[in-house]
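Listing of query.cif; format and content: mmCIF, C-alpha atoms.
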```cif
data_target
loop_
_atom_site.group_PDB
_atom_site.id
_atom_site.type_symbol
_atom_site.label_atom_id
_atom_site.label_comp_id
_atom_site.auth_asym_id
_atom_site.auth_seq_id
_atom_site.Cartn_x
_atom_site.Cartn_y
_atom_site.Cartn_z
ATOM 1 C CA MET Z 20 0.000 0.000 0.000
ATOM 2 C CA ARG Z 21 1.837 3.090 -1.225
ATOM 3 C CA ILE Z 22 0.719 6.595 -0.309
ATOM 4 C CA LEU Z 23 1.939 9.770 -1.993
ATOM 5 C CA ILE Z 24 1.960 12.955 0.068
ATOM 6 C CA VAL Z 25 2.101 16.147 -1.986
ATOM 7 C CA ASP Z 26 2.695 19.271 0.095
ATOM 8 C CA ASP Z 27 5.037 22.217 -0.244
ATOM 9 C CA SER Z 28 5.538 22.352 3.516
ATOM 10 C CA GLU Z 29 8.281 20.051 4.687
ATOM 11 C CA ASP Z 30 6.864 20.063 8.221
ATOM 12 C CA ILE Z 31 3.439 18.904 7.066
ATOM 13 C CA ARG Z 32 4.983 16.214 4.889
ATOM 14 C CA GLU Z 33 7.030 14.894 7.781
ATOM 15 C CA ILE Z 34 4.178 15.011 10.298
ATOM 16 C CA THR Z 35 1.768 13.271 7.923
ATOM 17 C CA GLU Z 36 4.350 10.657 7.020
ATOM 18 C CA ALA Z 37 5.085 9.980 10.701
ATOM 19 C CA MET Z 38 1.385 9.579 11.504
ATOM 20 C CA LEU Z 39 0.886 7.117 8.689
ATOM 21 C CA MET Z 40 4.020 5.139 9.444
ATOM 22 C CA GLU Z 41 3.047 4.911 13.081
ATOM 23 C CA SER Z 42 -0.168 3.230 11.948
ATOM 24 C CA GLY Z 43 1.569 0.660 9.809
ATOM 25 C CA TYR Z 44 1.657 2.340 6.401
ATOM 26 C CA SER Z 45 5.270 1.778 5.585
ATOM 27 C CA GLU Z 46 5.422 2.800 1.934
ATOM 28 C CA ILE Z 47 5.167 6.572 1.947
ATOM 29 C CA VAL Z 48 6.449 8.734 -0.876
ATOM 30 C CA THR Z 49 6.555 12.506 -0.659
ATOM 31 C CA ALA Z 50 6.629 15.298 -3.226
ATOM 32 C CA ASP Z 51 7.215 18.985 -2.456
ATOM 33 C CA SER Z 52 5.188 20.220 -5.421
ATOM 34 C CA ALA Z 53 2.591 19.171 -7.949
ATOM 35 C CA GLU Z 54 5.271 19.216 -10.649
ATOM 36 C CA THR Z 55 7.376 16.702 -8.712
ATOM 37 C CA ALA Z 56 4.321 14.499 -8.235
ATOM 38 C CA PHE Z 57 3.524 14.727 -11.955
ATOM 39 C CA GLY Z 58 7.036 13.510 -12.733
ATOM 40 C CA MET Z 59 6.564 10.526 -10.434
ATOM 41 C CA LEU Z 60 3.168 9.641 -11.898
ATOM 42 C CA ALA Z 61 4.100 10.453 -15.507
ATOM 43 C CA ILE Z 62 1.238 12.932 -15.760
ATOM 44 C CA GLY Z 63 1.203 14.615 -19.168
ATOM 45 C CA ASN Z 64 3.064 11.706 -20.668
ATOM 46 C CA PRO Z 65 0.573 8.857 -21.063
ATOM 47 C CA GLN Z 66 3.031 6.678 -22.956
ATOM 48 C CA ALA Z 67 5.642 6.827 -20.195
ATOM 49 C CA ARG Z 68 5.721 4.340 -17.387
ATOM 50 C CA PRO Z 69 5.172 6.011 -13.976
ATOM 51 C CA MET Z 70 8.211 6.065 -11.717
ATOM 52 C CA ILE Z 71 6.068 4.750 -8.880
ATOM 53 C CA GLU Z 72 2.690 3.120 -8.467
ATOM 54 C CA VAL Z 73 0.565 4.673 -5.759
ATOM 55 C CA ASP Z 74 -2.672 3.574 -4.116
ATOM 56 C CA LEU Z 75 -3.610 6.916 -2.584
ATOM 57 C CA VAL Z 76 -2.639 10.591 -2.875
ATOM 58 C CA LEU Z 77 -2.823 13.170 -0.100
ATOM 59 C CA LEU Z 78 -2.812 16.488 -1.936
ATOM 60 C CA ASP Z 79 -2.439 19.912 -0.376
ATOM 61 C CA ILE Z 80 -4.754 22.509 -1.899
ATOM 62 C CA VAL Z 81 -2.612 25.587 -1.391
ATOM 63 C CA MET Z 82 0.691 25.215 -3.196
ATOM 64 C CA PRO Z 83 2.758 27.624 -5.348
ATOM 65 C CA ASN Z 84 2.687 27.373 -9.151
ATOM 66 C CA ILE Z 85 0.215 24.541 -9.600
ATOM 67 C CA ASP Z 86 -2.274 24.373 -6.734
ATOM 68 C CA GLY Z 87 -3.901 21.212 -5.448
ATOM 69 C CA ILE Z 88 -7.151 21.680 -7.354
ATOM 70 C CA LYS Z 89 -5.423 22.031 -10.696
ATOM 71 C CA ALA Z 90 -3.135 19.152 -9.801
ATOM 72 C CA CYS Z 91 -6.105 17.003 -8.880
ATOM 73 C CA ALA Z 92 -7.817 17.739 -12.194
ATOM 74 C CA LEU Z 93 -4.656 16.933 -14.146
ATOM 75 C CA ILE Z 94 -4.093 13.648 -12.313
ATOM 76 C CA ARG Z 95 -7.728 12.676 -12.782
ATOM 77 C CA SER Z 96 -7.605 13.467 -16.504
ATOM 78 C CA ASP Z 97 -5.094 10.657 -16.968
ATOM 79 C CA PRO Z 98 -7.047 7.434 -17.624
ATOM 80 C CA ARG Z 99 -4.567 5.492 -15.493
ATOM 81 C CA TYR Z 100 -5.714 7.443 -12.449
ATOM 82 C CA PHE Z 101 -9.488 7.559 -12.935
ATOM 83 C CA ASP Z 102 -10.014 5.503 -9.787
ATOM 84 C CA LEU Z 103 -7.035 6.626 -7.720
ATOM 85 C CA PRO Z 104 -8.250 7.980 -4.360
ATOM 86 C CA ILE Z 105 -7.185 11.613 -3.948
ATOM 87 C CA ILE Z 106 -7.680 13.155 -0.518
ATOM 88 C CA MET Z 107 -7.380 16.934 -0.436
ATOM 89 C CA VAL Z 108 -5.674 18.531 2.527
ATOM 90 C CA THR Z 109 -7.155 21.908 3.336
ATOM 91 C CA SER Z 110 -7.157 24.486 6.081
ATOM 92 C CA LEU Z 111 -10.429 25.440 7.694
ATOM 93 C CA ASP Z 112 -10.387 28.924 6.113
ATOM 94 C CA ASP Z 113 -9.968 27.365 2.696
ATOM 95 C CA MET Z 114 -13.365 25.676 2.551
ATOM 96 C CA ASP Z 115 -14.539 27.684 -0.458
ATOM 97 C CA SER Z 116 -12.074 25.968 -2.730
ATOM 98 C CA LEU Z 117 -13.158 22.563 -1.494
ATOM 99 C CA SER Z 118 -16.158 22.428 -3.811
ATOM 100 C CA ASN Z 119 -13.821 23.126 -6.723
ATOM 101 C CA ALA Z 120 -11.630 20.279 -5.542
ATOM 102 C CA PHE Z 121 -14.547 17.877 -5.686
ATOM 103 C CA ILE Z 122 -15.422 19.142 -9.155
ATOM 104 C CA ALA Z 123 -11.816 18.452 -10.090
ATOM 105 C CA GLY Z 124 -12.266 14.844 -8.977
ATOM 106 C CA ALA Z 125 -11.159 14.730 -5.348
ATOM 107 C CA SER Z 126 -12.383 11.713 -3.410
ATOM 108 C CA ASP Z 127 -12.361 13.217 0.076
ATOM 109 C CA TYR Z 128 -10.691 15.866 2.235
ATOM 110 C CA ILE Z 129 -9.110 16.384 5.613
ATOM 111 C CA ASN Z 130 -8.567 19.570 7.529
ATOM 112 C CA LYS Z 131 -5.337 21.152 8.699
ATOM 113 C CA PRO Z 132 -4.015 20.859 11.299
ATOM 114 C CA ILE Z 133 -4.074 17.183 10.546
ATOM 115 C CA ARG Z 134 -5.347 15.007 13.365
ATOM 116 C CA GLN Z 135 -4.166 11.439 13.306
ATOM 117 C CA VAL Z 136 -7.598 9.943 14.019
ATOM 118 C CA GLU Z 137 -9.178 11.844 11.141
ATOM 119 C CA LEU Z 138 -6.305 11.135 8.785
ATOM 120 C CA LEU Z 139 -6.387 7.403 9.415
ATOM 121 C CA ALA Z 140 -10.166 7.212 9.133
ATOM 122 C CA ARG Z 141 -10.115 8.932 5.747
ATOM 123 C CA VAL Z 142 -7.149 6.944 4.473
ATOM 124 C CA ARG Z 143 -8.620 3.611 5.552
ATOM 125 C CA SER Z 144 -11.983 4.446 4.060
ATOM 126 C CA ALA Z 145 -10.456 5.518 0.727
ATOM 127 C CA ILE Z 146 -8.251 2.447 0.537
ATOM 128 C CA LYS Z 147 -11.146 0.140 1.360
ATOM 129 C CA LEU Z 148 -13.240 1.733 -1.372
ATOM 130 C CA LYS Z 149 -10.400 1.426 -3.857
ATOM 131 C CA ALA Z 150 -9.876 -2.246 -2.962
ATOM 132 C CA GLU Z 151 -13.566 -2.962 -3.544
ATOM 133 C CA LEU Z 152 -13.446 -1.124 -6.853
ATOM 134 C CA ASP Z 153 -10.367 -3.121 -7.884
ATOM 135 C CA ARG Z 154 -12.136 -6.360 -6.977
ATOM 136 C CA ARG Z 155 -15.146 -5.435 -9.065
ATOM 137 C CA GLN Z 156 -13.025 -4.425 -12.007
ATOM 138 C CA SER Z 157 -11.104 -7.666 -11.762
ATOM 139 C CA ARG Z 158 -14.395 -9.557 -11.753
ATOM 140 C CA GLU Z 159 -15.605 -7.604 -14.758
ATOM 141 C CA ARG Z 160 -12.401 -8.468 -16.601
ATOM 142 C CA VAL Z 161 -12.891 -12.178 -15.904
ATOM 143 C CA LEU Z 162 -16.492 -11.994 -17.049
ATOM 144 C CA LEU Z 163 -15.535 -10.129 -20.206
ATOM 145 C CA GLU Z 164 -12.847 -12.702 -20.870
ATOM 146 C CA PHE Z 165 -15.400 -15.437 -20.373
ATOM 147 C CA MET Z 166 -17.843 -13.749 -22.701
ATOM 148 C CA SER Z 167 -15.200 -13.292 -25.366
ATOM 149 C CA THR Z 168 -14.506 -17.037 -25.315
ATOM 150 C CA TRP Z 169 -18.084 -17.554 -26.343
ATOM 151 C CA GLY Z 170 -17.217 -16.129 -29.704
ATOM 152 C CA ASP Z 171 -20.231 -15.021 -31.652
ATOM 153 C CA ARG Z 172 -22.735 -16.839 -29.515
ATOM 154 C CA ARG Z 173 -25.678 -14.749 -28.535
ATOM 155 C CA ALA Z 174 -26.878 -14.151 -25.033
ATOM 156 C CA ASN Z 175 -29.955 -16.307 -25.558
ATOM 157 C CA ASN Z 176 -27.640 -19.285 -25.980
ATOM 158 C CA TRP Z 177 -26.778 -18.876 -22.309
ATOM 159 C CA ILE Z 178 -30.315 -19.901 -21.460
ATOM 160 C CA ASP Z 179 -31.347 -23.534 -21.612
ATOM 161 C CA LYS Z 180 -34.350 -23.760 -23.916
ATOM 162 C CA VAL Z 181 -35.992 -26.587 -21.973
ATOM 163 C CA SER Z 182 -35.651 -25.337 -18.409
ATOM 164 C CA GLY Z 183 -35.407 -21.612 -19.008
ATOM 165 C CA LEU Z 184 -32.447 -21.576 -16.612
ATOM 166 C CA PHE Z 185 -28.861 -20.614 -17.369
ATOM 167 C CA VAL Z 186 -26.769 -23.266 -19.052
ATOM 168 C CA GLY Z 187 -24.249 -24.956 -16.736
ATOM 169 C CA GLU Z 188 -21.273 -23.027 -18.099
ATOM 170 C CA VAL Z 189 -22.741 -19.810 -16.748
ATOM 171 C CA ALA Z 190 -22.834 -21.232 -13.217
ATOM 172 C CA GLU Z 191 -19.217 -22.292 -13.583
ATOM 173 C CA ALA Z 192 -18.195 -18.883 -14.882
ATOM 174 C CA TYR Z 193 -20.029 -17.218 -12.017
ATOM 175 C CA LEU Z 194 -18.146 -19.305 -9.470
ATOM 176 C CA VAL Z 195 -14.804 -18.561 -11.071
ATOM 177 C CA SER Z 196 -15.390 -14.854 -11.406
ATOM 178 C CA SER Z 197 -17.275 -13.960 -8.226
ATOM 179 C CA SER Z 198 -15.427 -11.967 -5.584
ATOM 180 C CA ASP Z 199 -13.284 -13.798 -3.089
ATOM 181 C CA ARG Z 200 -14.860 -13.749 0.326
ATOM 182 C CA GLY Z 201 -13.183 -14.208 3.666
ATOM 183 C CA PRO Z 202 -11.638 -17.608 4.334
ATOM 184 C CA GLU Z 203 -14.353 -18.396 6.882
ATOM 185 C CA ASP Z 204 -17.288 -17.556 4.603
ATOM 186 C CA GLU Z 205 -19.438 -20.451 3.537
ATOM 187 C CA SER Z 206 -21.438 -21.041 0.396
ATOM 188 C CA SER Z 207 -23.562 -23.924 -0.815
ATOM 189 C CA VAL Z 208 -24.303 -25.660 -4.070
ATOM 190 C CA ILE Z 209 -27.363 -27.822 -4.653
ATOM 191 C CA ALA Z 210 -27.393 -30.336 -7.484
ATOM 192 C CA VAL Z 211 -30.659 -32.019 -8.466
ATOM 193 C CA GLY Z 212 -30.917 -35.008 -10.782
ATOM 194 C CA VAL Z 213 -33.952 -36.991 -11.870
ATOM 195 C CA ASP Z 214 -33.419 -40.603 -10.778
ATOM 196 C CA ARG Z 215 -32.877 -43.177 -13.521
ATOM 197 C CA LEU Z 216 -33.251 -40.593 -16.209
ATOM 198 C CA GLU Z 217 -30.457 -42.193 -18.216
ATOM 199 C CA ALA Z 218 -32.279 -45.551 -18.094
ATOM 200 C CA TYR Z 219 -35.516 -44.014 -19.211
ATOM 201 C CA ARG Z 220 -36.126 -44.714 -22.864
ATOM 202 C CA SER Z 221 -33.946 -42.245 -24.708
ATOM 203 C CA THR Z 222 -36.766 -41.013 -26.858
ATOM 204 C CA GLN Z 223 -38.814 -40.198 -23.797
ATOM 205 C CA ALA Z 224 -36.073 -38.798 -21.578
ATOM 206 C CA SER Z 225 -36.015 -35.410 -23.242
ATOM 207 C CA LEU Z 226 -39.803 -35.348 -23.274
ATOM 208 C CA LEU Z 227 -39.815 -36.072 -19.558
ATOM 209 C CA LEU Z 228 -37.364 -33.250 -18.916
ATOM 210 C CA GLN Z 229 -39.333 -30.868 -21.071
ATOM 211 C CA GLN Z 230 -42.379 -31.481 -18.940
ATOM 212 C CA LEU Z 231 -40.634 -31.654 -15.604
ATOM 213 C CA LEU Z 232 -38.079 -28.885 -15.556
ATOM 214 C CA PRO Z 233 -40.389 -25.937 -16.075
ATOM 215 C CA LYS Z 234 -42.499 -27.147 -13.166
ATOM 216 C CA LEU Z 235 -39.711 -27.101 -10.631
ATOM 217 C CA PRO Z 236 -39.791 -24.303 -8.063
ATOM 218 C CA VAL Z 237 -36.288 -23.145 -8.889
ATOM 219 C CA ARG Z 238 -37.356 -19.717 -10.021
ATOM 220 C CA SER Z 239 -39.435 -19.102 -6.922
ATOM 221 C CA ALA Z 240 -36.451 -20.264 -4.870
ATOM 222 C CA GLN Z 241 -34.317 -17.704 -6.700
ATOM 223 C CA ARG Z 242 -36.814 -14.975 -5.980
ATOM 224 C CA ARG Z 243 -37.151 -15.994 -2.349
ATOM 225 C CA GLN Z 244 -33.391 -16.101 -1.831
ATOM 226 C CA ARG Z 245 -33.035 -12.714 -3.455
ATOM 227 C CA SER Z 246 -35.583 -11.136 -1.182
ATOM 228 C CA ALA Z 247 -34.164 -12.841 1.950
ATOM 229 C CA VAL O 25 -28.848 -17.441 -6.358
ATOM 230 C CA ILE O 26 -27.748 -18.692 -9.748
ATOM 231 C CA ALA O 27 -29.766 -21.586 -11.134
ATOM 232 C CA ALA O 28 -28.504 -23.497 -14.134
ATOM 233 C CA SER O 29 -29.209 -26.736 -15.907
ATOM 234 C CA TYR O 30 -27.048 -29.112 -17.892
ATOM 235 C CA ARG O 31 -27.986 -30.974 -21.054
ATOM 236 C CA ASN O 32 -28.238 -34.267 -19.158
ATOM 237 C CA GLY O 33 -31.045 -32.799 -17.065
ATOM 238 C CA LEU O 34 -28.982 -32.069 -13.975
ATOM 239 C CA MET O 35 -29.764 -28.766 -12.316
ATOM 240 C CA VAL O 36 -27.566 -26.770 -10.004
ATOM 241 C CA LEU O 37 -28.278 -23.904 -7.651
ATOM 242 C CA ILE O 38 -25.393 -21.738 -6.521
ATOM 243 C CA LEU O 39 -26.087 -20.163 -3.136
ATOM 244 C CA PRO O 40 -23.363 -17.636 -2.283
ATOM 245 C CA GLY O 41 -22.983 -17.024 1.438
ATOM 246 C CA GLN O 42 -25.601 -19.669 2.253
ATOM 247 C CA ARG O 43 -24.882 -21.934 5.205
ATOM 248 C CA SER O 44 -25.699 -25.627 5.292
ATOM 249 C CA LYS O 45 -28.943 -25.416 7.281
ATOM 250 C CA ALA O 46 -30.688 -23.029 4.900
ATOM 251 C CA ALA O 47 -29.279 -24.794 1.860
ATOM 252 C CA LEU O 48 -30.501 -28.148 3.137
ATOM 253 C CA ALA O 49 -33.974 -26.705 3.717
ATOM 254 C CA LEU O 50 -34.048 -25.496 0.118
ATOM 255 C CA GLY O 51 -32.816 -28.898 -1.095
ATOM 256 C CA GLU O 52 -35.607 -30.620 0.850
ATOM 257 C CA GLU O 53 -38.136 -28.222 -0.625
ATOM 258 C CA LEU O 54 -36.985 -28.994 -4.165
ATOM 259 C CA HIS O 55 -37.066 -32.716 -3.480
ATOM 260 C CA LEU O 56 -40.590 -32.493 -2.100
ATOM 261 C CA SER O 57 -41.770 -30.404 -5.036
ATOM 262 C CA ILE O 58 -40.479 -32.975 -7.507
ATOM 263 C CA SER O 59 -42.268 -35.829 -5.749
ATOM 264 C CA LYS O 60 -45.487 -33.796 -5.729
ATOM 265 C CA ILE O 61 -45.386 -33.461 -9.506
ATOM 266 C CA ALA O 62 -46.177 -37.202 -9.623
ATOM 267 C CA MET O 63 -45.141 -37.549 -13.228
ATOM 268 C CA GLU O 64 -44.996 -41.152 -14.363
ATOM 269 C CA ASN O 65 -41.519 -42.692 -14.610
ATOM 270 C CA PRO O 66 -41.503 -46.491 -14.844
ATOM 271 C CA GLU O 67 -37.746 -46.503 -14.393
ATOM 272 C CA ALA O 68 -37.912 -44.930 -10.951
ATOM 273 C CA ILE O 69 -37.084 -47.315 -8.109
ATOM 274 C CA GLY O 70 -39.619 -47.719 -5.320
ATOM 275 C CA ALA O 71 -41.996 -45.195 -6.852
ATOM 276 C CA ASP O 72 -44.190 -45.033 -9.915
ATOM 277 C CA HIS O 73 -43.396 -41.432 -10.496
ATOM 278 C CA VAL O 74 -40.408 -39.213 -11.032
ATOM 279 C CA THR O 75 -38.080 -39.014 -8.057
ATOM 280 C CA ALA O 76 -34.891 -37.048 -7.628
ATOM 281 C CA SER O 77 -31.548 -37.235 -5.896
ATOM 282 C CA VAL O 78 -30.487 -33.971 -4.354
ATOM 283 C CA SER O 79 -26.963 -33.219 -3.261
ATOM 284 C CA VAL O 80 -26.361 -30.235 -0.975
ATOM 285 C CA VAL O 81 -22.694 -29.357 -0.603
ATOM 286 C CA THR O 82 -21.575 -26.579 1.718
ATOM 287 C CA GLY O 83 -18.043 -25.415 2.284
ATOM 288 C CA ARG O 84 -15.699 -22.519 2.856
ATOM 289 C CA THR O 85 -15.258 -20.528 -0.290
ATOM 290 C CA GLY O 86 -12.290 -18.258 0.139
ATOM 291 C CA CYS O 87 -11.176 -18.505 -3.476
ATOM 292 C CA ALA O 88 -12.422 -19.515 -6.925
ATOM 293 C CA ALA O 89 -10.924 -23.013 -6.617
ATOM 294 C CA ASP O 90 -12.959 -23.645 -3.442
ATOM 295 C CA ARG O 91 -16.157 -22.504 -5.119
ATOM 296 C CA VAL O 92 -15.633 -24.657 -8.188
ATOM 297 C CA LYS O 93 -14.848 -27.614 -5.900
ATOM 298 C CA LEU O 94 -18.299 -27.265 -4.318
ATOM 299 C CA LEU O 95 -19.958 -27.465 -7.724
ATOM 300 C CA THR O 96 -17.858 -30.442 -8.789
ATOM 301 C CA ARG O 97 -18.609 -32.359 -5.604
ATOM 302 C CA ALA O 98 -22.325 -31.642 -5.813
ATOM 303 C CA ILE O 99 -22.503 -32.795 -9.444
ATOM 304 C CA GLN O 100 -20.450 -35.925 -8.769
ATOM 305 C CA ALA O 101 -22.584 -36.859 -5.776
ATOM 306 C CA VAL O 102 -25.917 -36.980 -7.620
ATOM 307 C CA PRO O 103 -25.324 -40.195 -9.651
ATOM 308 C CA ARG O 104 -23.885 -41.788 -6.513
ATOM 309 C CA HIS O 105 -27.065 -41.067 -4.572
ATOM 310 C CA ALA O 106 -29.193 -42.188 -7.508
ATOM 311 C CA ALA O 107 -27.270 -45.480 -7.689
ATOM 312 C CA ALA O 108 -27.893 -45.982 -3.975
ATOM 313 C CA GLY O 109 -31.640 -45.892 -4.570
ATOM 314 C CA GLY O 110 -32.271 -42.227 -5.235
ATOM 315 C CA ASP O 111 -35.211 -40.235 -3.922
ATOM 316 C CA ARG O 112 -33.195 -38.519 -1.221
ATOM 317 C CA VAL O 113 -31.490 -35.332 -0.099
ATOM 318 C CA VAL O 114 -27.895 -35.739 1.038
ATOM 319 C CA PRO O 115 -26.000 -32.910 2.724
ATOM 320 C CA GLU O 116 -22.243 -32.812 2.617
ATOM 321 C CA PHE O 117 -19.591 -30.464 3.989
ATOM 322 C CA ALA O 118 -16.669 -29.960 1.634
#
```
Turn this file's structure into structure tokens for me.
Amino acid sequence: MRILIVDDSEDIREITEAMLMESGYSEIVTADSAETAFGMLAIGNPQARPMIEVDLVLLDIVMPNIDGIKACALIRSDPRYFDLPIIMVTSLDDMDSLSNAFIAGASDYINKPIRQVELLARVRSAIKLKAELDRRQSRERVLLEFMSTWGDRRANNWIDKVSGLFVGEVAEAYLVSSSDRGPEDESSVIAVGVDRLEAYRSTQASLLLQQLLPKLPVRSAQRRQRSA
Amino acid sequence: VIAASYRNGLMVLILPGQRSKAALALGEELHLSISKIAMENPEAIGADHVTASVSVVTGRTGCAADRVKLLTRAIQAVPRHAAAGGDRVVPEFA
């Protein structure tokens, strides 16, 4: 977990860094200006590889040359940093510019003087949100990958014509791509098979299924589980 | 809940976050519903109508491999229960 602190005040940088390190955030990078931060993040040079990868930026609003609001907007305009949490650091008499910061894409803000409790709460919250977003994006990627392997099949081929349920591959894809839960979380799978179906005369087996499957209360079970 | 069916007639219900007790209750409900349909099946053992074998597998699902394992075990268990006479709901903890 790497945090970038951008502040022209050396004292503020050091205090903030110390507070974060004291709470277990060991990878802290500091920049004394927006320009220095841009160099680290390769802002303005989308082809270049960033010098560092960061998970969160603490950005001072009042800085010489390029202020925090402009810096925030420039960082956010880079597609690589659409989802990067940016927490603005502002003094209490600087609240007017806060709305501009949010327009520029800031995720949150903290007031100066920085209090450790507030800082940690905001940082933890932003990081948690980012982690959830990353998980969802990862899941979307897996699903998209799955869908692309289906070639030119259409969505209605994902539905079994007899039962009206998803085809089995969709259940498998769901299990592979759903978010990882905690190691103690439990889930269940129910499998239902008609007894001796394979021994039933082959010509009648499909007929039997065609009559039976639509009558099963699977859909109502789905609805009930959803509402529970 | 994700409900899906395979070409061989097997159906699966994926119940994320569902513990064994609730899953077993749902399995029992499905089993009962099938027996109530009372559709004729001369191949069924010990009944003149369609019966079903229901496998309910619950387990910890920290990662994708764990989740897929649940599905595999549930699918593999159904023919085993059918061969043992069928018409039953069998819970299992993976």
Q.
Contacts from chain O to chain Z, 6 Å maximum, only C-alpha atoms: show me the residue list as a ChimeraX atom specification.
A. /O:25,28-30,34-43,67-68,75-88,91,95,98-99,106,110
Q) Could you state the separation of atom CA of Z:Lys89 and atom CA of Z:Glu54 in Å, given to one decimal place? A) 11.1 Å
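The space separating atom CA of O:Gly51 from atom CA of Z:Asn176 comes to 27.2 Å.
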Q) With distances taken over only C-alpha atoms, which of O:Ala47, O:Glu52, O:His105, O:Asp111 is nearest to O:Val74? A) O:Asp111
Return as a PDB file with C-alpha atoms, in the frame of the given file the set of residues that the PyMOL selection byres ((chain Z and resi 74) around 9) yields on the displayed structure.
```pdb
ATOM      1  CA  MET Z  20       0.000   0.000   0.000  1.00  0.00           C
ATOM      2  CA  ARG Z  21       1.837   3.090  -1.225  1.00  0.00           C
ATOM      3  CA  ILE Z  22       0.719   6.595  -0.309  1.00  0.00           C
ATOM      4  CA  LEU Z  23       1.939   9.770  -1.993  1.00  0.00           C
ATOM      5  CA  GLU Z  72       2.690   3.120  -8.467  1.00  0.00           C
ATOM      6  CA  VAL Z  73       0.565   4.673  -5.759  1.00  0.00           C
ATOM      7  CA  LEU Z  75      -3.610   6.916  -2.584  1.00  0.00           C
ATOM      8  CA  VAL Z  76      -2.639  10.591  -2.875  1.00  0.00           C
ATOM      9  CA  LEU Z 103      -7.035   6.626  -7.720  1.00  0.00           C
ATOM     10  CA  PRO Z 104      -8.250   7.980  -4.360  1.00  0.00           C
ATOM     11  CA  ILE Z 146      -8.251   2.447   0.537  1.00  0.00           C
ATOM     12  CA  LYS Z 149     -10.400   1.426  -3.857  1.00  0.00           C
TER      13      LYS Z 149
END
```
Q.
Env of Z:Gly58: 8 Å cut, atoms = all atoms listed in the file, seq-sep filter 3 positions within chain, self excluded. Answer as a ChimeraX atom specification.
A. /Z:54-55,61-62,69-70
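Near Z:Ser144, within 12 Å and counting all atoms listed in the file, sit Leu75, Pro104, Ile105, Ile106, Ser126, Asp127, Tyr128, Glu137, Leu138, Leu139, Ala140, Arg141, Lys147, Leu148, Lys149, Ala150 and Glu151 of chain Z; same-chain residues fewer than 3 positions away were not included.
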Q: Could you check which of O:Asn32, O:Ala27, O:His73, O:Phe117 is closest to O:Pro103, using only C-alpha atoms?
A: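 Checking each of O:Asn32, O:Ala27, O:His73, O:Phe117 against O:Pro103, counting only C-alpha atoms, the winner is O:Asn32.
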Q) Using all atoms listed in the file, which residue out of O:Ile61, O:Ala46, O:Thr96, O:Leu56 lies closest to O:Val113? A) O:Leu56
**Q.** Separation of atom CA of Z:Ala92 from atom CA of Z:Met59, in Å and rounded to one decimal
**A.**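 Pair atom CA of Z:Ala92 / atom CA of Z:Met59 returns 16.2 Å.
The set of residues that the PyMOL selection byres ((chain Z and resi 26-36) around 8) takes from this file is Z:Ile24, Z:Val25, Z:Ala37, Z:Met38, Z:Leu39, Z:Met40, Z:Ile47, Z:Thr49, Z:Ala50, Z:Asp51, Z:Ser52, Z:Leu78, Z:Asp79, Z:Met82, Z:Pro83, Z:Ile133.
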